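What's in coords-v4.txt: compact mmCIF, N, CA and C atoms
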```txt
# COMPACT_ATOMS: atom_id res chain seq x y z
N MET A 129 -7.82 2.95 4.59
CA MET A 129 -6.93 3.14 3.46
C MET A 129 -7.07 4.58 2.98
N SER A 130 -5.94 5.27 2.83
CA SER A 130 -5.99 6.64 2.34
C SER A 130 -6.14 6.65 0.83
N THR A 131 -6.68 7.73 0.29
CA THR A 131 -6.93 7.80 -1.13
C THR A 131 -5.64 7.84 -1.93
N GLY A 132 -4.51 8.21 -1.29
CA GLY A 132 -3.24 8.29 -1.99
C GLY A 132 -2.48 6.97 -2.00
N THR A 133 -3.05 5.91 -1.45
CA THR A 133 -2.36 4.64 -1.39
C THR A 133 -2.65 3.83 -2.64
N ALA A 134 -1.57 3.48 -3.35
CA ALA A 134 -1.70 2.72 -4.58
C ALA A 134 -1.85 1.23 -4.29
N THR A 135 -2.39 0.51 -5.25
CA THR A 135 -2.48 -0.94 -5.16
C THR A 135 -1.23 -1.53 -5.77
N VAL A 136 -0.64 -2.48 -5.07
CA VAL A 136 0.59 -3.11 -5.49
C VAL A 136 0.33 -4.61 -5.70
N ARG A 137 0.83 -5.15 -6.79
CA ARG A 137 0.70 -6.58 -7.05
C ARG A 137 1.88 -7.29 -6.37
N VAL A 138 1.55 -8.30 -5.56
CA VAL A 138 2.56 -9.07 -4.84
C VAL A 138 2.46 -10.52 -5.30
N GLU A 139 3.57 -11.07 -5.76
CA GLU A 139 3.62 -12.47 -6.14
C GLU A 139 4.08 -13.28 -4.94
N LEU A 140 3.39 -14.38 -4.68
CA LEU A 140 3.68 -15.23 -3.53
C LEU A 140 4.34 -16.53 -4.00
N PHE A 141 5.39 -16.93 -3.29
CA PHE A 141 6.11 -18.16 -3.63
C PHE A 141 6.26 -19.03 -2.39
N GLY A 142 6.34 -20.34 -2.59
CA GLY A 142 6.59 -21.28 -1.49
C GLY A 142 5.45 -21.30 -0.49
N THR A 143 5.81 -21.26 0.78
CA THR A 143 4.82 -21.35 1.87
C THR A 143 3.72 -20.29 1.76
N PRO A 144 4.05 -19.00 1.50
CA PRO A 144 2.95 -18.02 1.38
C PRO A 144 1.93 -18.41 0.30
N GLN A 145 2.41 -18.93 -0.82
CA GLN A 145 1.50 -19.35 -1.88
C GLN A 145 0.68 -20.57 -1.45
N LEU A 146 1.33 -21.54 -0.82
CA LEU A 146 0.62 -22.74 -0.37
C LEU A 146 -0.43 -22.41 0.68
N LEU A 147 -0.10 -21.53 1.62
CA LEU A 147 -1.04 -21.19 2.69
C LEU A 147 -2.25 -20.43 2.18
N THR A 148 -2.03 -19.49 1.26
CA THR A 148 -3.13 -18.66 0.76
C THR A 148 -3.87 -19.28 -0.41
N GLY A 149 -3.19 -20.17 -1.14
CA GLY A 149 -3.78 -20.71 -2.36
C GLY A 149 -3.76 -19.70 -3.49
N GLN A 150 -2.98 -18.65 -3.33
CA GLN A 150 -2.91 -17.57 -4.32
C GLN A 150 -1.50 -17.47 -4.88
N ARG A 151 -1.39 -17.24 -6.17
CA ARG A 151 -0.09 -17.02 -6.82
C ARG A 151 0.30 -15.55 -6.76
N GLN A 152 -0.71 -14.68 -6.91
CA GLN A 152 -0.47 -13.25 -6.78
C GLN A 152 -1.72 -12.58 -6.23
N VAL A 153 -1.47 -11.49 -5.51
CA VAL A 153 -2.56 -10.73 -4.89
C VAL A 153 -2.29 -9.25 -5.11
N GLU A 154 -3.31 -8.45 -5.01
CA GLU A 154 -3.16 -7.00 -5.10
C GLU A 154 -3.60 -6.40 -3.77
N VAL A 155 -2.71 -5.60 -3.17
CA VAL A 155 -2.98 -5.00 -1.87
C VAL A 155 -2.54 -3.54 -1.88
N PRO A 156 -3.18 -2.70 -1.07
CA PRO A 156 -2.76 -1.31 -0.97
C PRO A 156 -1.53 -1.18 -0.09
N GLY A 157 -0.68 -0.21 -0.41
CA GLY A 157 0.48 0.05 0.44
C GLY A 157 1.50 0.92 -0.26
N ARG A 158 2.25 1.66 0.56
CA ARG A 158 3.31 2.53 0.05
C ARG A 158 4.69 2.07 0.48
N THR A 159 4.73 1.21 1.51
CA THR A 159 6.00 0.65 1.98
C THR A 159 5.82 -0.86 2.15
N LEU A 160 6.93 -1.56 2.27
CA LEU A 160 6.84 -3.01 2.48
C LEU A 160 6.17 -3.34 3.81
N HIS A 161 6.36 -2.50 4.83
CA HIS A 161 5.69 -2.75 6.11
C HIS A 161 4.18 -2.67 5.95
N GLU A 162 3.70 -1.68 5.21
CA GLU A 162 2.25 -1.58 4.96
C GLU A 162 1.75 -2.80 4.19
N ILE A 163 2.53 -3.23 3.19
CA ILE A 163 2.15 -4.40 2.39
C ILE A 163 2.06 -5.64 3.29
N ALA A 164 3.07 -5.85 4.14
CA ALA A 164 3.07 -7.02 5.03
C ALA A 164 1.86 -6.99 5.97
N GLY A 165 1.56 -5.82 6.51
CA GLY A 165 0.42 -5.69 7.41
C GLY A 165 -0.90 -6.02 6.74
N VAL A 166 -1.07 -5.53 5.52
CA VAL A 166 -2.31 -5.80 4.78
C VAL A 166 -2.39 -7.28 4.42
N LEU A 167 -1.27 -7.88 4.03
CA LEU A 167 -1.27 -9.31 3.72
C LEU A 167 -1.72 -10.12 4.94
N ALA A 168 -1.22 -9.76 6.12
CA ALA A 168 -1.61 -10.48 7.34
C ALA A 168 -3.09 -10.29 7.65
N GLN A 169 -3.63 -9.10 7.35
CA GLN A 169 -5.05 -8.83 7.58
C GLN A 169 -5.93 -9.58 6.59
N GLU A 170 -5.57 -9.50 5.31
CA GLU A 170 -6.40 -10.09 4.26
C GLU A 170 -6.25 -11.61 4.21
N PHE A 171 -5.12 -12.12 4.66
CA PHE A 171 -4.85 -13.55 4.65
C PHE A 171 -4.37 -13.96 6.05
N PRO A 172 -5.29 -14.09 7.01
CA PRO A 172 -4.91 -14.41 8.39
C PRO A 172 -4.05 -15.66 8.52
N VAL A 173 -4.12 -16.56 7.56
CA VAL A 173 -3.31 -17.77 7.59
C VAL A 173 -1.81 -17.44 7.51
N LEU A 174 -1.45 -16.26 7.03
CA LEU A 174 -0.04 -15.84 6.97
C LEU A 174 0.46 -15.33 8.32
N ALA A 175 -0.48 -14.86 9.16
CA ALA A 175 -0.10 -14.34 10.48
C ALA A 175 0.34 -15.49 11.37
N GLY A 176 1.59 -15.46 11.75
CA GLY A 176 2.18 -16.55 12.53
C GLY A 176 3.29 -17.20 11.74
N PRO A 177 2.94 -18.02 10.73
CA PRO A 177 3.98 -18.72 9.99
C PRO A 177 4.89 -17.80 9.15
N VAL A 178 4.32 -16.75 8.58
CA VAL A 178 5.07 -15.89 7.65
C VAL A 178 5.25 -14.48 8.19
N ILE A 179 4.20 -13.93 8.77
CA ILE A 179 4.21 -12.54 9.26
C ILE A 179 3.93 -12.55 10.76
N ASP A 180 4.77 -11.88 11.51
CA ASP A 180 4.62 -11.79 12.97
C ASP A 180 3.37 -10.95 13.27
N PRO A 181 2.35 -11.54 13.89
CA PRO A 181 1.12 -10.79 14.14
C PRO A 181 1.32 -9.61 15.10
N ALA A 182 2.33 -9.68 15.96
CA ALA A 182 2.58 -8.60 16.92
C ALA A 182 3.18 -7.36 16.25
N THR A 183 4.02 -7.57 15.24
CA THR A 183 4.71 -6.45 14.60
C THR A 183 4.16 -6.12 13.22
N GLY A 184 3.46 -7.08 12.61
CA GLY A 184 2.98 -6.86 11.25
C GLY A 184 4.11 -6.92 10.23
N TRP A 185 5.24 -7.52 10.64
CA TRP A 185 6.39 -7.60 9.74
C TRP A 185 6.79 -9.06 9.55
N LEU A 186 7.56 -9.31 8.51
CA LEU A 186 7.97 -10.65 8.15
C LEU A 186 8.76 -11.35 9.25
N ASN A 187 8.50 -12.64 9.41
CA ASN A 187 9.34 -13.47 10.26
C ASN A 187 10.70 -13.63 9.59
N GLY A 188 11.69 -14.06 10.36
CA GLY A 188 13.06 -14.16 9.87
C GLY A 188 13.27 -15.02 8.64
N GLY A 189 12.41 -15.97 8.38
CA GLY A 189 12.58 -16.87 7.25
C GLY A 189 12.08 -16.33 5.92
N TYR A 190 11.58 -15.10 5.90
CA TYR A 190 10.97 -14.55 4.69
C TYR A 190 11.57 -13.21 4.34
N ILE A 191 11.50 -12.89 3.04
CA ILE A 191 12.09 -11.66 2.53
C ILE A 191 11.28 -11.20 1.32
N PHE A 192 11.27 -9.90 1.09
CA PHE A 192 10.67 -9.36 -0.12
C PHE A 192 11.75 -9.18 -1.18
N VAL A 193 11.35 -9.31 -2.43
CA VAL A 193 12.21 -8.97 -3.56
C VAL A 193 11.46 -7.87 -4.31
N VAL A 194 12.06 -6.68 -4.37
CA VAL A 194 11.43 -5.54 -5.04
C VAL A 194 12.30 -5.16 -6.24
N ASP A 195 11.71 -5.27 -7.41
CA ASP A 195 12.43 -4.95 -8.65
C ASP A 195 13.79 -5.64 -8.71
N GLY A 196 13.80 -6.92 -8.31
CA GLY A 196 15.01 -7.72 -8.38
C GLY A 196 15.96 -7.57 -7.20
N ARG A 197 15.62 -6.75 -6.23
CA ARG A 197 16.50 -6.52 -5.07
C ARG A 197 15.90 -7.18 -3.82
N PHE A 198 16.67 -8.08 -3.20
CA PHE A 198 16.25 -8.71 -1.95
C PHE A 198 16.35 -7.69 -0.83
N THR A 199 15.27 -7.54 -0.04
CA THR A 199 15.31 -6.57 1.04
C THR A 199 14.38 -6.96 2.18
N ARG A 200 14.83 -6.62 3.39
CA ARG A 200 13.99 -6.73 4.59
C ARG A 200 13.80 -5.34 5.20
N ASP A 201 14.00 -4.31 4.41
CA ASP A 201 13.83 -2.93 4.85
C ASP A 201 12.33 -2.61 4.87
N ALA A 202 11.76 -2.53 6.06
CA ALA A 202 10.32 -2.32 6.21
C ALA A 202 9.87 -0.99 5.62
N SER A 203 10.75 0.00 5.57
CA SER A 203 10.37 1.31 5.06
C SER A 203 10.61 1.45 3.55
N TYR A 204 11.02 0.36 2.91
CA TYR A 204 11.30 0.40 1.47
C TYR A 204 10.02 0.82 0.71
N PRO A 205 10.12 1.86 -0.12
CA PRO A 205 8.93 2.34 -0.82
C PRO A 205 8.56 1.47 -2.02
N VAL A 206 7.26 1.29 -2.22
CA VAL A 206 6.75 0.55 -3.37
C VAL A 206 5.62 1.33 -4.01
N GLY A 207 5.36 1.02 -5.26
CA GLY A 207 4.28 1.67 -5.99
C GLY A 207 3.63 0.70 -6.94
N PRO A 208 2.63 1.16 -7.69
CA PRO A 208 1.89 0.26 -8.57
C PRO A 208 2.75 -0.36 -9.67
N GLU A 209 3.87 0.25 -10.00
CA GLU A 209 4.74 -0.30 -11.04
C GLU A 209 5.82 -1.22 -10.48
N SER A 210 5.90 -1.32 -9.16
CA SER A 210 6.93 -2.16 -8.53
C SER A 210 6.64 -3.63 -8.76
N SER A 211 7.71 -4.40 -8.95
CA SER A 211 7.62 -5.86 -8.99
C SER A 211 7.95 -6.34 -7.58
N VAL A 212 6.95 -6.88 -6.86
CA VAL A 212 7.14 -7.29 -5.47
C VAL A 212 6.87 -8.78 -5.34
N LEU A 213 7.86 -9.50 -4.80
CA LEU A 213 7.74 -10.93 -4.56
C LEU A 213 7.91 -11.17 -3.06
N LEU A 214 7.17 -12.13 -2.53
CA LEU A 214 7.36 -12.57 -1.15
C LEU A 214 7.86 -14.01 -1.22
N VAL A 215 9.10 -14.24 -0.73
CA VAL A 215 9.75 -15.53 -0.86
C VAL A 215 10.42 -15.94 0.45
N SER A 216 10.83 -17.19 0.50
CA SER A 216 11.64 -17.67 1.61
C SER A 216 12.99 -16.98 1.52
N ALA A 217 13.57 -16.64 2.67
CA ALA A 217 14.87 -15.99 2.68
C ALA A 217 15.95 -16.88 2.09
N GLN A 218 15.70 -18.18 1.99
CA GLN A 218 16.67 -19.12 1.42
C GLN A 218 16.48 -19.32 -0.08
N ALA A 219 15.45 -18.73 -0.69
CA ALA A 219 15.17 -18.92 -2.11
C ALA A 219 16.35 -18.46 -2.95
N GLY A 220 16.75 -19.29 -3.87
CA GLY A 220 17.81 -18.92 -4.81
C GLY A 220 19.19 -18.90 -4.20
N GLY A 221 19.33 -19.29 -2.94
CA GLY A 221 20.64 -19.33 -2.31
C GLY A 221 21.24 -17.95 -2.06
N ALA A 222 20.42 -16.92 -2.01
CA ALA A 222 20.92 -15.57 -1.75
C ALA A 222 21.55 -15.51 -0.37
N SER A 223 22.66 -14.83 -0.27
CA SER A 223 23.32 -14.73 1.03
C SER A 223 23.26 -13.32 1.56
```
Represent the structure contained in this file as structure tokens.
Amino acid sequence: MSTGTATVRVELFGTPQLLTGQRQVEVPGRTLHEIAGVLAQEFPVLAGPVIDPATGWLNGGYIFVVDGRFTRDASYPVGPESSVLLVSAQAGGAS
């Protein structure tokens, strides 16, 4: 972890919450791809069902919500003030 990497609070919903037993976690990262990779490392139970272990990125059934915006953009920047949620892609009926 580089010294310039901020800690981001990630709220987990649905399967990610059930698998980890955590409602929210704090992980280092500057992009959503970094966040996903750290989540898979710190919570190996997510690798496979939620995060593809080969790519370190979300499986098709999952999406991040950053500051109210649904996104699967792996390069999306995040910081310590970001509101980051990890949810099922079907949550809330978003299309």
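Of the residues under consideration (A:Thr133, A:Gln145, A:Phe171, A:Ala164), A:Ala164 shows the shortest atom-to-atom contact distance to Arg200 of chain A when counting only C-alpha atoms.
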**OP:** Report as a ChimeraX atom specification: the residues of chain A with a DSSP assignment of strand (DSSP E or B), based on the backbone of this structure.
**Re:** /A:135-140,152-156,159,175,179-180,185-186,190-194,197-199,205,212-216
For the residues selected in the previous step, produce a file with N, CA and C atoms as a PDB file, in the frame of the given file.
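Here's the written file result25.pdb:
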```
ATOM      1  N   THR A 135      -2.390   0.510  -5.250  1.00  0.00           N
ATOM      2  CA  THR A 135      -2.480  -0.940  -5.160  1.00  0.00           C
ATOM      3  C   THR A 135      -1.230  -1.530  -5.770  1.00  0.00           C
ATOM      4  N   VAL A 136      -0.640  -2.480  -5.070  1.00  0.00           N
ATOM      5  CA  VAL A 136       0.590  -3.110  -5.490  1.00  0.00           C
ATOM      6  C   VAL A 136       0.330  -4.610  -5.700  1.00  0.00           C
ATOM      7  N   ARG A 137       0.830  -5.150  -6.790  1.00  0.00           N
ATOM      8  CA  ARG A 137       0.700  -6.580  -7.050  1.00  0.00           C
ATOM      9  C   ARG A 137       1.880  -7.290  -6.370  1.00  0.00           C
ATOM     10  N   VAL A 138       1.550  -8.300  -5.560  1.00  0.00           N
ATOM     11  CA  VAL A 138       2.560  -9.070  -4.840  1.00  0.00           C
ATOM     12  C   VAL A 138       2.460 -10.520  -5.300  1.00  0.00           C
ATOM     13  N   GLU A 139       3.570 -11.070  -5.760  1.00  0.00           N
ATOM     14  CA  GLU A 139       3.620 -12.470  -6.140  1.00  0.00           C
ATOM     15  C   GLU A 139       4.080 -13.280  -4.940  1.00  0.00           C
ATOM     16  N   LEU A 140       3.390 -14.380  -4.680  1.00  0.00           N
ATOM     17  CA  LEU A 140       3.680 -15.230  -3.530  1.00  0.00           C
ATOM     18  C   LEU A 140       4.340 -16.530  -4.000  1.00  0.00           C
ATOM     19  N   GLN A 152      -0.710 -14.680  -6.910  1.00  0.00           N
ATOM     20  CA  GLN A 152      -0.470 -13.250  -6.780  1.00  0.00           C
ATOM     21  C   GLN A 152      -1.720 -12.580  -6.230  1.00  0.00           C
ATOM     22  N   VAL A 153      -1.470 -11.490  -5.510  1.00  0.00           N
ATOM     23  CA  VAL A 153      -2.560 -10.730  -4.890  1.00  0.00           C
ATOM     24  C   VAL A 153      -2.290  -9.250  -5.110  1.00  0.00           C
ATOM     25  N   GLU A 154      -3.310  -8.450  -5.010  1.00  0.00           N
ATOM     26  CA  GLU A 154      -3.160  -7.000  -5.100  1.00  0.00           C
ATOM     27  C   GLU A 154      -3.600  -6.400  -3.770  1.00  0.00           C
ATOM     28  N   VAL A 155      -2.710  -5.600  -3.170  1.00  0.00           N
ATOM     29  CA  VAL A 155      -2.980  -5.000  -1.870  1.00  0.00           C
ATOM     30  C   VAL A 155      -2.540  -3.540  -1.880  1.00  0.00           C
ATOM     31  N   PRO A 156      -3.180  -2.700  -1.070  1.00  0.00           N
ATOM     32  CA  PRO A 156      -2.760  -1.310  -0.970  1.00  0.00           C
ATOM     33  C   PRO A 156      -1.530  -1.180  -0.090  1.00  0.00           C
ATOM     34  N   THR A 159       4.730   1.210   1.510  1.00  0.00           N
ATOM     35  CA  THR A 159       6.000   0.650   1.980  1.00  0.00           C
ATOM     36  C   THR A 159       5.820  -0.860   2.150  1.00  0.00           C
ATOM     37  N   ALA A 175      -0.480 -14.860   9.160  1.00  0.00           N
ATOM     38  CA  ALA A 175      -0.100 -14.340  10.480  1.00  0.00           C
ATOM     39  C   ALA A 175       0.340 -15.490  11.370  1.00  0.00           C
ATOM     40  N   ILE A 179       4.200 -13.930   8.770  1.00  0.00           N
ATOM     41  CA  ILE A 179       4.210 -12.540   9.260  1.00  0.00           C
ATOM     42  C   ILE A 179       3.930 -12.550  10.760  1.00  0.00           C
ATOM     43  N   ASP A 180       4.770 -11.880  11.510  1.00  0.00           N
ATOM     44  CA  ASP A 180       4.620 -11.790  12.970  1.00  0.00           C
ATOM     45  C   ASP A 180       3.370 -10.950  13.270  1.00  0.00           C
ATOM     46  N   TRP A 185       5.240  -7.520  10.640  1.00  0.00           N
ATOM     47  CA  TRP A 185       6.390  -7.600   9.740  1.00  0.00           C
ATOM     48  C   TRP A 185       6.790  -9.060   9.550  1.00  0.00           C
ATOM     49  N   LEU A 186       7.560  -9.310   8.510  1.00  0.00           N
ATOM     50  CA  LEU A 186       7.970 -10.650   8.150  1.00  0.00           C
ATOM     51  C   LEU A 186       8.760 -11.350   9.250  1.00  0.00           C
ATOM     52  N   TYR A 190      11.580 -15.100   5.900  1.00  0.00           N
ATOM     53  CA  TYR A 190      10.970 -14.550   4.690  1.00  0.00           C
ATOM     54  C   TYR A 190      11.570 -13.210   4.340  1.00  0.00           C
ATOM     55  N   ILE A 191      11.500 -12.890   3.040  1.00  0.00           N
ATOM     56  CA  ILE A 191      12.090 -11.660   2.530  1.00  0.00           C
ATOM     57  C   ILE A 191      11.280 -11.200   1.320  1.00  0.00           C
ATOM     58  N   PHE A 192      11.270  -9.900   1.090  1.00  0.00           N
ATOM     59  CA  PHE A 192      10.670  -9.360  -0.120  1.00  0.00           C
ATOM     60  C   PHE A 192      11.750  -9.180  -1.180  1.00  0.00           C
ATOM     61  N   VAL A 193      11.350  -9.310  -2.430  1.00  0.00           N
ATOM     62  CA  VAL A 193      12.210  -8.970  -3.560  1.00  0.00           C
ATOM     63  C   VAL A 193      11.460  -7.870  -4.310  1.00  0.00           C
ATOM     64  N   VAL A 194      12.060  -6.680  -4.370  1.00  0.00           N
ATOM     65  CA  VAL A 194      11.430  -5.540  -5.040  1.00  0.00           C
ATOM     66  C   VAL A 194      12.300  -5.160  -6.240  1.00  0.00           C
ATOM     67  N   ARG A 197      15.620  -6.750  -6.230  1.00  0.00           N
ATOM     68  CA  ARG A 197      16.500  -6.520  -5.070  1.00  0.00           C
ATOM     69  C   ARG A 197      15.900  -7.180  -3.820  1.00  0.00           C
ATOM     70  N   PHE A 198      16.670  -8.080  -3.200  1.00  0.00           N
ATOM     71  CA  PHE A 198      16.250  -8.710  -1.950  1.00  0.00           C
ATOM     72  C   PHE A 198      16.350  -7.690  -0.830  1.00  0.00           C
ATOM     73  N   THR A 199      15.270  -7.540  -0.040  1.00  0.00           N
ATOM     74  CA  THR A 199      15.310  -6.570   1.040  1.00  0.00           C
ATOM     75  C   THR A 199      14.380  -6.960   2.180  1.00  0.00           C
ATOM     76  N   PRO A 205      10.120   1.860  -0.120  1.00  0.00           N
ATOM     77  CA  PRO A 205       8.930   2.340  -0.820  1.00  0.00           C
ATOM     78  C   PRO A 205       8.560   1.470  -2.020  1.00  0.00           C
ATOM     79  N   VAL A 212       6.950  -6.880  -6.860  1.00  0.00           N
ATOM     80  CA  VAL A 212       7.140  -7.290  -5.470  1.00  0.00           C
ATOM     81  C   VAL A 212       6.870  -8.780  -5.340  1.00  0.00           C
ATOM     82  N   LEU A 213       7.860  -9.500  -4.800  1.00  0.00           N
ATOM     83  CA  LEU A 213       7.740 -10.930  -4.560  1.00  0.00           C
ATOM     84  C   LEU A 213       7.910 -11.170  -3.060  1.00  0.00           C
ATOM     85  N   LEU A 214       7.170 -12.130  -2.530  1.00  0.00           N
ATOM     86  CA  LEU A 214       7.360 -12.570  -1.150  1.00  0.00           C
ATOM     87  C   LEU A 214       7.860 -14.010  -1.220  1.00  0.00           C
ATOM     88  N   VAL A 215       9.100 -14.240  -0.730  1.00  0.00           N
ATOM     89  CA  VAL A 215       9.750 -15.530  -0.860  1.00  0.00           C
ATOM     90  C   VAL A 215      10.420 -15.940   0.450  1.00  0.00           C
ATOM     91  N   SER A 216      10.830 -17.190   0.500  1.00  0.00           N
ATOM     92  CA  SER A 216      11.640 -17.670   1.610  1.00  0.00           C
ATOM     93  C   SER A 216      12.990 -16.980   1.520  1.00  0.00           C
TER      94      SER A 216
END
```
note - atom C of Thr159 of chain A and atom C of Ala217 of chain A are separated by 19.0 Å
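Nearest-residue note for Gln218 of chain A: choosing from A:Arg197, A:Gly189, A:Glu170, A:Pro205, the minimum distance belongs to A:Gly189, counting all atoms listed in the file.
Computed from the coordinates, the atom CA of Pro172 of chain A to atom CA of Pro156 of chain A distance equals 16.2 Å.
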Need to verify the contact set: Ile179 of chain A, 8 Å, all atoms listed in the file, exclusion of same-chain residues closer than 3 positions in sequence. Can you return it as a short mmCIF file (atom, residue, chain, number, x, y, z; two decimals) with N, CA and C atoms, in the coordinates of the input?
```cif
data_model
loop_
_atom_site.label_atom_id
_atom_site.label_comp_id
_atom_site.auth_asym_id
_atom_site.auth_seq_id
_atom_site.Cartn_x
_atom_site.Cartn_y
_atom_site.Cartn_z
N ALA A 164 3.07 -5.85 4.14
CA ALA A 164 3.07 -7.02 5.03
C ALA A 164 1.86 -6.99 5.97
N GLY A 165 1.56 -5.82 6.51
CA GLY A 165 0.42 -5.69 7.41
C GLY A 165 -0.90 -6.02 6.74
N LEU A 167 -1.27 -7.88 4.03
CA LEU A 167 -1.27 -9.31 3.72
C LEU A 167 -1.72 -10.12 4.94
N ALA A 168 -1.22 -9.76 6.12
CA ALA A 168 -1.61 -10.48 7.34
C ALA A 168 -3.09 -10.29 7.65
N VAL A 173 -4.12 -16.56 7.56
CA VAL A 173 -3.31 -17.77 7.59
C VAL A 173 -1.81 -17.44 7.51
N LEU A 174 -1.45 -16.26 7.03
CA LEU A 174 -0.04 -15.84 6.97
C LEU A 174 0.46 -15.33 8.32
N ALA A 175 -0.48 -14.86 9.16
CA ALA A 175 -0.10 -14.34 10.48
C ALA A 175 0.34 -15.49 11.37
N GLY A 176 1.59 -15.46 11.75
CA GLY A 176 2.18 -16.55 12.53
C GLY A 176 3.29 -17.20 11.74
N ALA A 182 2.33 -9.68 15.96
CA ALA A 182 2.58 -8.60 16.92
C ALA A 182 3.18 -7.36 16.25
N THR A 183 4.02 -7.57 15.24
CA THR A 183 4.71 -6.45 14.60
C THR A 183 4.16 -6.12 13.22
N GLY A 184 3.46 -7.08 12.61
CA GLY A 184 2.98 -6.86 11.25
C GLY A 184 4.11 -6.92 10.23
N TRP A 185 5.24 -7.52 10.64
CA TRP A 185 6.39 -7.60 9.74
C TRP A 185 6.79 -9.06 9.55
N LEU A 186 7.56 -9.31 8.51
CA LEU A 186 7.97 -10.65 8.15
C LEU A 186 8.76 -11.35 9.25
N ASN A 187 8.50 -12.64 9.41
CA ASN A 187 9.34 -13.47 10.26
C ASN A 187 10.70 -13.63 9.59
N GLY A 188 11.69 -14.06 10.36
CA GLY A 188 13.06 -14.16 9.87
C GLY A 188 13.27 -15.02 8.64
N TYR A 190 11.58 -15.10 5.90
CA TYR A 190 10.97 -14.55 4.69
C TYR A 190 11.57 -13.21 4.34
#
```
Counting all atoms listed in the file, closest pick from A:Val136, A:Val206, A:Val212, A:Val178 relative to Val193 of chain A is A:Val212
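Minimum distance to Asp201 of chain A across A:Leu160, A:Gly142, A:Gln169, A:Ser216 (counting only C-alpha atoms) occurs at A:Leu160.
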Separating atom CA of Pro144 of chain A from atom CA of Pro181 of chain A, to the nearest tenth of an Å, is a gap of 14.8 Å
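Comparing A:His161, A:Phe192, A:Phe198, A:Val166 by their smallest distance to Leu140 of chain A, the closest is A:Phe192 (using only C-alpha atoms).
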In file coordinates, which residues lie within 5 Å of (6.7, -12.9, -4.7) using all atoms listed in the file, given as a count of residues only?
-> 8
Item to complete: Output as a PyMOL selection string all residues of chain A that backbone DSSP marks as helix (DSSP H, G or I).
Response: chain A and resi 143-148+160-170+172-174+219-221
